[in-house]
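Working notes, beginning with the structure itself.
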Amino acid sequence: TKVFSGHYHTRSNNGTVFYLGNPYEMYWNDVNDTRGFHIFDTETLEHTPVNNPYKMYYVIYYDDDNYQTFDSFLENLNMYQHIIFISTNAVHFFLERLKILSIIIPKDLLFSSIGPTTKKLLQKHLPVFVHSPKKEFDSEHLLKEDIFNNVSGKKILIVRGEGGRETLKQVLEQRGAEVSYGECYIRDYIDVDLNCLKVNLMNYHYKFMLITSTNSALHLLAQLKDTNIDWLQDIKIVVNHKAIKDQLNLIFKTILITQNIEPHNLKKIVSSEN
């Protein structure tokens with residue numbers, strides 16, 4: 001028996017359930033992920049992918065070793081009414097360049113963050129109030145904050161790594177804001193040596209894996225294409241958002257969701273599952 005389904009952007013399968021993926025790229029994180037349609041043979045019950053030769057998104061590499069692009073945003077920080085941080089990496093880089101350039105933060109600049117860890121880091125180093133979601137930590141719930149109800153004509157700077165979801169920028173622009181990206185680091189995804197991991201995990205009875213972004217989940221799924229994944233079923237996956245769980249449901253049996261991924265909380269989760 002074979003089941004064919006849609007919904008997920010990336011093609012994947014476990015030999016029985018086949019997610020066919022999108023026929024074309026829709027978002028920035030679809031870049032370099034094969035798209036197309038499938039031909040199903042009703043006699044042989046075989047399906048053949050036909051790849052889409054056209055792309056919407058491209059990755060362009062350029063020399064910005066001296067941080068001049070990002071620094072230009074900081075040097076003109078007084079032009080913005082609001083600044084949003086996507087991750088702790090973004091905060092660390094922002095603070096480092098701020099110190100090097102001796103830039104004073106405008107008094108009326110509003111701060112926001114997606115998650116509580118990012119908020120905590122900002123408030124540890126800066127005397128500012130940081131707006132963030134109360135429960136679900138993602139772009140959609142940040143946009144529900146009252147501070148974003150009247151942003152027409154406002155200039156907003158989003159500090160993040162290169163690439164990522166476009167939801168925040170798109171919705172804010174729909175509400176009349178002028179949005180810029182201050183991209184200050186590059187995500188470098190690790191290619192896991194699956195054979196080595198399989199051998200090493202044989203020495204442990206309890207196995208956990210932490211995945212904290214949808215892009216990381218997609219990268220892992222891409223690595224698992226056309227491989228035997230039976231041995232992965234013993235691994236318990238810990239994620240910090242339902243969207244990540246939805247991406248990984250096809251592969252893993254046990255996926256735990258926690259919004260707090262600080263070490264002490266992860267230890268509690270591991271202890272409670274053993």
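If you're wondering about the labels, chains in the structure tokens are A, B, ... by order shown, residues count from 1 in each chain, ligands from 1 in order shown.
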Open item on the list: To test your reading of the structure, identify every residue in region 42-197 of chain A that backbone DSSP assigns to strand (DSSP E), and report it as a VMD selection string.
Closed with: chain A and resid 47 to 51 82 to 85 110 to 113 130 to 131 155 to 160 178 to 183
Which residues are near Glu75 (chain A)? Cut-off 9 Å, only C-alpha atoms, ignore same chain within fewer than 3 positions. Put them as a PDB file with C-alpha atoms, in the first residue's frame.
```pdb
ATOM      1  CA  PHE A  70      25.136  45.663   8.227  1.00  0.00           C
ATOM      2  CA  ASP A  71      27.072  48.565   9.730  1.00  0.00           C
ATOM      3  CA  SER A  72      25.253  50.984   7.425  1.00  0.00           C
ATOM      4  CA  ASN A  78      17.845  56.826  14.102  1.00  0.00           C
ATOM      5  CA  LEU A 101      31.104  51.482  16.132  1.00  0.00           C
ATOM      6  CA  ILE A 103      26.740  53.827  18.378  1.00  0.00           C
TER       7      ILE A 103
END
```
Write out as a ChimeraX atom specification which residues come within 8 Å of Thr167 (chain A) when counting only C-alpha atoms, dropping same-chain ones fewer than 3 positions away. /A:139-140,170-171
Expected file contents, prior selection, C-alpha atoms, as an mmCIF file, in the first residue's frame:
```cif
data_model
loop_
_atom_site.group_PDB
_atom_site.id
_atom_site.type_symbol
_atom_site.label_atom_id
_atom_site.label_comp_id
_atom_site.auth_asym_id
_atom_site.auth_seq_id
_atom_site.Cartn_x
_atom_site.Cartn_y
_atom_site.Cartn_z
ATOM 1 C CA SER A 139 6.218 35.532 13.662
ATOM 2 C CA GLU A 140 2.455 35.061 13.570
ATOM 3 C CA GLN A 170 5.311 40.535 4.252
ATOM 4 C CA VAL A 171 2.611 41.174 6.860
#
```
*asked:* Please list as a VMD selection string every residue within 12 Å of region 173-185 of chain A, counting only C-alpha atoms and excluding residues in the same chain fewer than 2 positions away.
replied: chain A and resid 64 to 77 79 to 97 143 148 to 171 187 to 188
Query raised in the report: Which neighbours of region 206-212 of chain A fall inside 9 Å, counting only C-alpha atoms, when residues of the same chain fewer than 3 positions from it are skipped, and could you give them as a VMD selection string?
Result: chain A and resid 201 215 to 217 234 to 241 244 261 270 273 to 274
Selected residues written out, all heavy atoms, as a short mmCIF file (atom, residue, chain, number, x, y, z; two decimals), in the first residue's frame:
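Contents of selection24.cif, as written:
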```
data_model
loop_
_atom_site.label_atom_id
_atom_site.label_comp_id
_atom_site.auth_asym_id
_atom_site.auth_seq_id
_atom_site.Cartn_x
_atom_site.Cartn_y
_atom_site.Cartn_z
N LEU A 201 25.07 5.67 18.46
CA LEU A 201 23.84 5.59 19.26
C LEU A 201 23.59 4.20 19.80
O LEU A 201 22.81 4.03 20.75
CB LEU A 201 22.64 6.05 18.42
CG LEU A 201 22.55 7.56 18.14
CD1 LEU A 201 21.35 7.87 17.26
CD2 LEU A 201 22.44 8.33 19.45
N ASN A 215 14.15 25.40 9.25
CA ASN A 215 15.18 25.21 8.24
C ASN A 215 16.09 24.04 8.58
O ASN A 215 16.51 23.28 7.70
CB ASN A 215 16.00 26.49 8.07
CG ASN A 215 15.25 27.55 7.29
OD1 ASN A 215 14.30 27.25 6.58
ND2 ASN A 215 15.65 28.80 7.43
N SER A 216 16.44 23.90 9.86
CA SER A 216 17.26 22.77 10.29
C SER A 216 16.52 21.45 10.07
O SER A 216 17.11 20.44 9.66
CB SER A 216 17.64 22.91 11.76
OG SER A 216 18.47 24.03 11.96
N ALA A 217 15.22 21.47 10.35
CA ALA A 217 14.41 20.27 10.13
C ALA A 217 14.38 19.90 8.65
O ALA A 217 14.51 18.73 8.28
CB ALA A 217 12.99 20.50 10.65
N ASP A 234 13.95 5.04 17.41
CA ASP A 234 14.26 5.01 18.84
C ASP A 234 14.65 6.38 19.39
O ASP A 234 14.77 6.56 20.60
CB ASP A 234 15.42 4.03 19.12
CG ASP A 234 15.01 2.59 18.87
OD1 ASP A 234 13.81 2.31 18.98
OD2 ASP A 234 15.89 1.76 18.57
N ILE A 235 14.85 7.34 18.49
CA ILE A 235 15.29 8.67 18.92
C ILE A 235 14.06 9.53 19.24
O ILE A 235 13.13 9.63 18.45
CB ILE A 235 16.12 9.36 17.83
CG1 ILE A 235 17.34 8.51 17.48
CG2 ILE A 235 16.56 10.74 18.28
CD1 ILE A 235 18.17 9.08 16.34
N LYS A 236 14.10 10.17 20.40
CA LYS A 236 13.05 11.11 20.77
C LYS A 236 13.50 12.51 20.37
O LYS A 236 14.59 12.95 20.73
CB LYS A 236 12.77 11.05 22.27
CG LYS A 236 12.20 9.70 22.70
CD LYS A 236 11.91 9.67 24.20
CE LYS A 236 11.34 8.31 24.59
NZ LYS A 236 11.04 8.25 26.04
N ILE A 237 12.65 13.19 19.63
CA ILE A 237 12.98 14.51 19.11
C ILE A 237 12.37 15.59 19.99
O ILE A 237 11.20 15.50 20.37
CB ILE A 237 12.45 14.67 17.67
CG1 ILE A 237 12.97 13.54 16.78
CG2 ILE A 237 12.87 16.03 17.09
CD1 ILE A 237 14.48 13.48 16.65
N VAL A 238 13.17 16.59 20.33
CA VAL A 238 12.69 17.74 21.11
C VAL A 238 12.71 18.96 20.20
O VAL A 238 13.74 19.27 19.58
CB VAL A 238 13.57 17.99 22.35
CG1 VAL A 238 13.03 19.18 23.14
CG2 VAL A 238 13.64 16.75 23.22
N VAL A 239 11.57 19.63 20.07
CA VAL A 239 11.47 20.82 19.22
C VAL A 239 10.83 21.95 20.02
O VAL A 239 10.23 21.71 21.08
CB VAL A 239 10.63 20.53 17.94
CG1 VAL A 239 11.24 19.40 17.14
CG2 VAL A 239 9.18 20.20 18.31
N ASN A 240 10.94 23.17 19.51
CA ASN A 240 10.39 24.32 20.23
C ASN A 240 9.21 24.97 19.51
O ASN A 240 8.80 26.07 19.86
CB ASN A 240 11.47 25.37 20.49
CG ASN A 240 12.12 25.86 19.22
OD1 ASN A 240 11.99 25.25 18.16
ND2 ASN A 240 12.84 26.98 19.29
N HIS A 241 8.66 24.25 18.52
CA HIS A 241 7.48 24.80 17.84
C HIS A 241 6.73 23.68 17.11
O HIS A 241 7.34 22.74 16.60
CB HIS A 241 7.90 25.87 16.83
CG HIS A 241 6.76 26.77 16.43
ND1 HIS A 241 5.82 26.41 15.49
CD2 HIS A 241 6.40 28.00 16.86
CE1 HIS A 241 4.94 27.38 15.35
NE2 HIS A 241 5.26 28.36 16.19
N ILE A 244 7.70 22.72 13.50
CA ILE A 244 8.83 21.81 13.33
C ILE A 244 8.36 20.37 13.52
O ILE A 244 8.75 19.46 12.77
CB ILE A 244 9.96 22.14 14.32
CG1 ILE A 244 10.37 23.61 14.20
CG2 ILE A 244 11.17 21.25 14.09
CD1 ILE A 244 11.38 24.06 15.23
N ILE A 261 14.03 26.04 25.77
CA ILE A 261 15.12 25.12 25.40
C ILE A 261 16.41 25.43 26.14
O ILE A 261 17.50 25.06 25.69
CB ILE A 261 15.36 25.14 23.87
CG1 ILE A 261 15.69 26.56 23.38
CG2 ILE A 261 14.17 24.58 23.12
CD1 ILE A 261 16.12 26.63 21.93
N VAL A 270 14.46 15.31 29.59
CA VAL A 270 15.16 14.02 29.44
C VAL A 270 14.87 13.13 30.65
O VAL A 270 14.59 11.94 30.51
CB VAL A 270 16.67 14.25 29.27
CG1 VAL A 270 17.41 12.90 29.34
CG2 VAL A 270 16.96 14.93 27.95
N GLU A 273 11.38 11.59 30.68
CA GLU A 273 11.12 10.61 29.62
C GLU A 273 11.84 9.29 29.88
O GLU A 273 11.61 8.31 29.18
CB GLU A 273 11.54 11.16 28.26
CG GLU A 273 10.65 12.28 27.75
CD GLU A 273 9.25 11.81 27.43
OE1 GLU A 273 9.11 10.73 26.83
OE2 GLU A 273 8.29 12.52 27.79
N ASN A 274 12.75 9.27 30.84
CA ASN A 274 13.52 8.04 31.11
C ASN A 274 12.83 7.18 32.15
O ASN A 274 12.03 7.64 32.93
CB ASN A 274 14.93 8.40 31.58
CG ASN A 274 15.73 9.05 30.46
OD1 ASN A 274 15.40 8.91 29.29
ND2 ASN A 274 16.81 9.74 30.82
#
```
### Task
Counting only C-alpha atoms, figure out which residue out of A:Lys198, A:Lys107, A:Lys119, A:Lys2 gets nearest to Pro133 (chain A).
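With only C-alpha atoms as the atom set, the closest residue is A:Lys119.
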As a ChimeraX atom specification, please: the residues near Leu45 (chain A) (cut-off 12 Å, only C-alpha atoms, same-chain neighbours under 6 positions excluded).
/A:1-4,39
Writer output for current selection, all heavy atoms, as a PDB file, in the first residue's frame:
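What landed in out-v1.pdb:
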```pdb
ATOM      1  N   THR A   1       0.837  -1.192   0.000  1.00  0.00           N
ATOM      2  CA  THR A   1       0.000   0.000   0.000  1.00  0.00           C
ATOM      3  C   THR A   1       0.881   1.255   0.000  1.00  0.00           C
ATOM      4  O   THR A   1       1.845   1.332   0.750  1.00  0.00           O
ATOM      5  CB  THR A   1      -0.911   0.044   1.231  1.00  0.00           C
ATOM      6  OG1 THR A   1      -1.738  -1.124   1.243  1.00  0.00           O
ATOM      7  CG2 THR A   1      -1.790   1.288   1.190  1.00  0.00           C
ATOM      8  N   LYS A   2       0.534   2.192  -0.862  1.00  0.00           N
ATOM      9  CA  LYS A   2       1.237   3.468  -0.898  1.00  0.00           C
ATOM     10  C   LYS A   2       0.241   4.602  -0.706  1.00  0.00           C
ATOM     11  O   LYS A   2      -0.874   4.563  -1.224  1.00  0.00           O
ATOM     12  CB  LYS A   2       1.971   3.654  -2.229  1.00  0.00           C
ATOM     13  CG  LYS A   2       3.140   2.710  -2.450  1.00  0.00           C
ATOM     14  CD  LYS A   2       3.857   3.023  -3.753  1.00  0.00           C
ATOM     15  CE  LYS A   2       5.057   2.101  -3.950  1.00  0.00           C
ATOM     16  NZ  LYS A   2       5.757   2.398  -5.240  1.00  0.00           N
ATOM     17  N   VAL A   3       0.661   5.597   0.054  1.00  0.00           N
ATOM     18  CA  VAL A   3      -0.180   6.773   0.270  1.00  0.00           C
ATOM     19  C   VAL A   3       0.569   7.986  -0.277  1.00  0.00           C
ATOM     20  O   VAL A   3       1.753   8.181   0.016  1.00  0.00           O
ATOM     21  CB  VAL A   3      -0.468   6.983   1.772  1.00  0.00           C
ATOM     22  CG1 VAL A   3      -1.266   8.262   1.988  1.00  0.00           C
ATOM     23  CG2 VAL A   3      -1.206   5.786   2.345  1.00  0.00           C
ATOM     24  N   PHE A   4      -0.114   8.793  -1.093  1.00  0.00           N
ATOM     25  CA  PHE A   4       0.481   9.996  -1.659  1.00  0.00           C
ATOM     26  C   PHE A   4      -0.229  11.209  -1.058  1.00  0.00           C
ATOM     27  O   PHE A   4      -1.457  11.259  -1.002  1.00  0.00           O
ATOM     28  CB  PHE A   4       0.345  10.010  -3.182  1.00  0.00           C
ATOM     29  CG  PHE A   4       1.044   8.872  -3.858  1.00  0.00           C
ATOM     30  CD1 PHE A   4       0.372   7.691  -4.159  1.00  0.00           C
ATOM     31  CD2 PHE A   4       2.388   8.967  -4.181  1.00  0.00           C
ATOM     32  CE1 PHE A   4       1.021   6.632  -4.766  1.00  0.00           C
ATOM     33  CE2 PHE A   4       3.052   7.924  -4.794  1.00  0.00           C
ATOM     34  CZ  PHE A   4       2.371   6.744  -5.088  1.00  0.00           C
ATOM     35  N   ILE A  39       4.102  11.978 -12.254  1.00  0.00           N
ATOM     36  CA  ILE A  39       3.237  11.211 -13.150  1.00  0.00           C
ATOM     37  C   ILE A  39       2.997   9.846 -12.518  1.00  0.00           C
ATOM     38  O   ILE A  39       3.953   9.130 -12.192  1.00  0.00           O
ATOM     39  CB  ILE A  39       3.873  11.049 -14.541  1.00  0.00           C
ATOM     40  CG1 ILE A  39       4.053  12.424 -15.202  1.00  0.00           C
ATOM     41  CG2 ILE A  39       3.013  10.145 -15.417  1.00  0.00           C
ATOM     42  CD1 ILE A  39       4.782  12.369 -16.523  1.00  0.00           C
TER      43      ILE A  39
END
```
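Of note, CA of Leu221 (chain A) and CA of Met26 (chain A) are spaced 18.3 Å apart.
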Q.
So that I can check the secondary structure, give me every residue of region 118-262 of chain A assigned alpha helix (DSSP H) by backbone DSSP, as a VMD selection string.
A. chain A and resid 118 to 125 139 to 142 167 to 174 194 to 201 214 to 223 242 to 248
List the spatial neighbours of Glu25 (chain A) as a short mmCIF file (atom, residue, chain, number, x, y, z; two decimals) with N, CA and C atoms, in the first residue's frame - criterion: any atom at most 12 Å away, only C-alpha atoms, same-chain residues fewer than 6 positions off excluded.
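As a result, around15.cif now contains:
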```cif
data_model
loop_
_atom_site.label_atom_id
_atom_site.label_comp_id
_atom_site.auth_asym_id
_atom_site.auth_seq_id
_atom_site.Cartn_x
_atom_site.Cartn_y
_atom_site.Cartn_z
N TYR A 8 3.28 19.28 2.67
CA TYR A 8 4.67 19.62 2.95
C TYR A 8 5.38 20.05 1.68
N HIS A 9 6.19 21.11 1.78
CA HIS A 9 6.88 21.65 0.61
C HIS A 9 7.94 20.71 0.07
N THR A 10 8.63 20.01 0.96
CA THR A 10 9.77 19.18 0.55
C THR A 10 9.34 17.75 0.28
N VAL A 31 14.42 27.69 -1.32
CA VAL A 31 15.52 27.83 -2.27
C VAL A 31 16.36 26.56 -2.32
N ASN A 32 16.73 26.18 -3.55
CA ASN A 32 17.58 25.00 -3.82
C ASN A 32 16.93 23.68 -3.40
N ASP A 33 15.61 23.67 -3.19
CA ASP A 33 14.90 22.44 -2.87
C ASP A 33 14.08 22.07 -4.12
N THR A 34 14.33 20.89 -4.67
CA THR A 34 13.74 20.49 -5.95
C THR A 34 12.22 20.55 -5.91
N ARG A 35 11.63 21.14 -6.93
CA ARG A 35 10.18 21.27 -7.07
C ARG A 35 9.73 20.61 -8.38
N GLY A 36 8.42 20.34 -8.47
CA GLY A 36 7.90 19.76 -9.70
C GLY A 36 6.61 18.99 -9.43
N ASN A 51 10.76 17.32 -12.63
CA ASN A 51 11.26 18.49 -11.91
C ASN A 51 10.95 19.80 -12.64
N ASN A 52 10.64 20.82 -11.85
CA ASN A 52 10.38 22.16 -12.38
C ASN A 52 11.73 22.83 -12.69
N PRO A 53 11.97 23.22 -13.94
CA PRO A 53 13.26 23.83 -14.29
C PRO A 53 13.38 25.30 -13.87
N TYR A 54 12.26 25.89 -13.42
CA TYR A 54 12.26 27.32 -13.11
C TYR A 54 12.37 27.55 -11.59
N LYS A 55 13.05 28.63 -11.21
CA LYS A 55 13.24 28.99 -9.81
C LYS A 55 12.79 30.43 -9.55
N MET A 56 12.36 30.68 -8.32
CA MET A 56 11.99 32.04 -7.92
C MET A 56 13.07 32.67 -7.05
N TYR A 57 13.84 31.85 -6.34
CA TYR A 57 14.81 32.36 -5.37
C TYR A 57 16.21 31.85 -5.70
N TYR A 58 17.18 32.71 -5.47
CA TYR A 58 18.58 32.38 -5.72
C TYR A 58 19.43 32.87 -4.56
#
```
As a check of understanding: the span from CA of Val128 (chain A) to CA of Gly115 (chain A) is 15.8 Å
Review point. Hey, which of A:Leu232, A:Ile100, A:Leu172, A:Leu110 ends up closest to Leu197 (chain A)? Count only C-alpha atoms.
Key: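 Of A:Leu232, A:Ile100, A:Leu172, A:Leu110, the one nearest Leu197 (chain A) is A:Leu232, counting only C-alpha atoms.
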Nearest to Asn228 (chain A), chosen from A:Gly15, A:Ser132, A:Ile255, A:Pro49, with only C-alpha atoms counted in the distances
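Closest to Asn228 (chain A), using only C-alpha atoms: A:Gly15.
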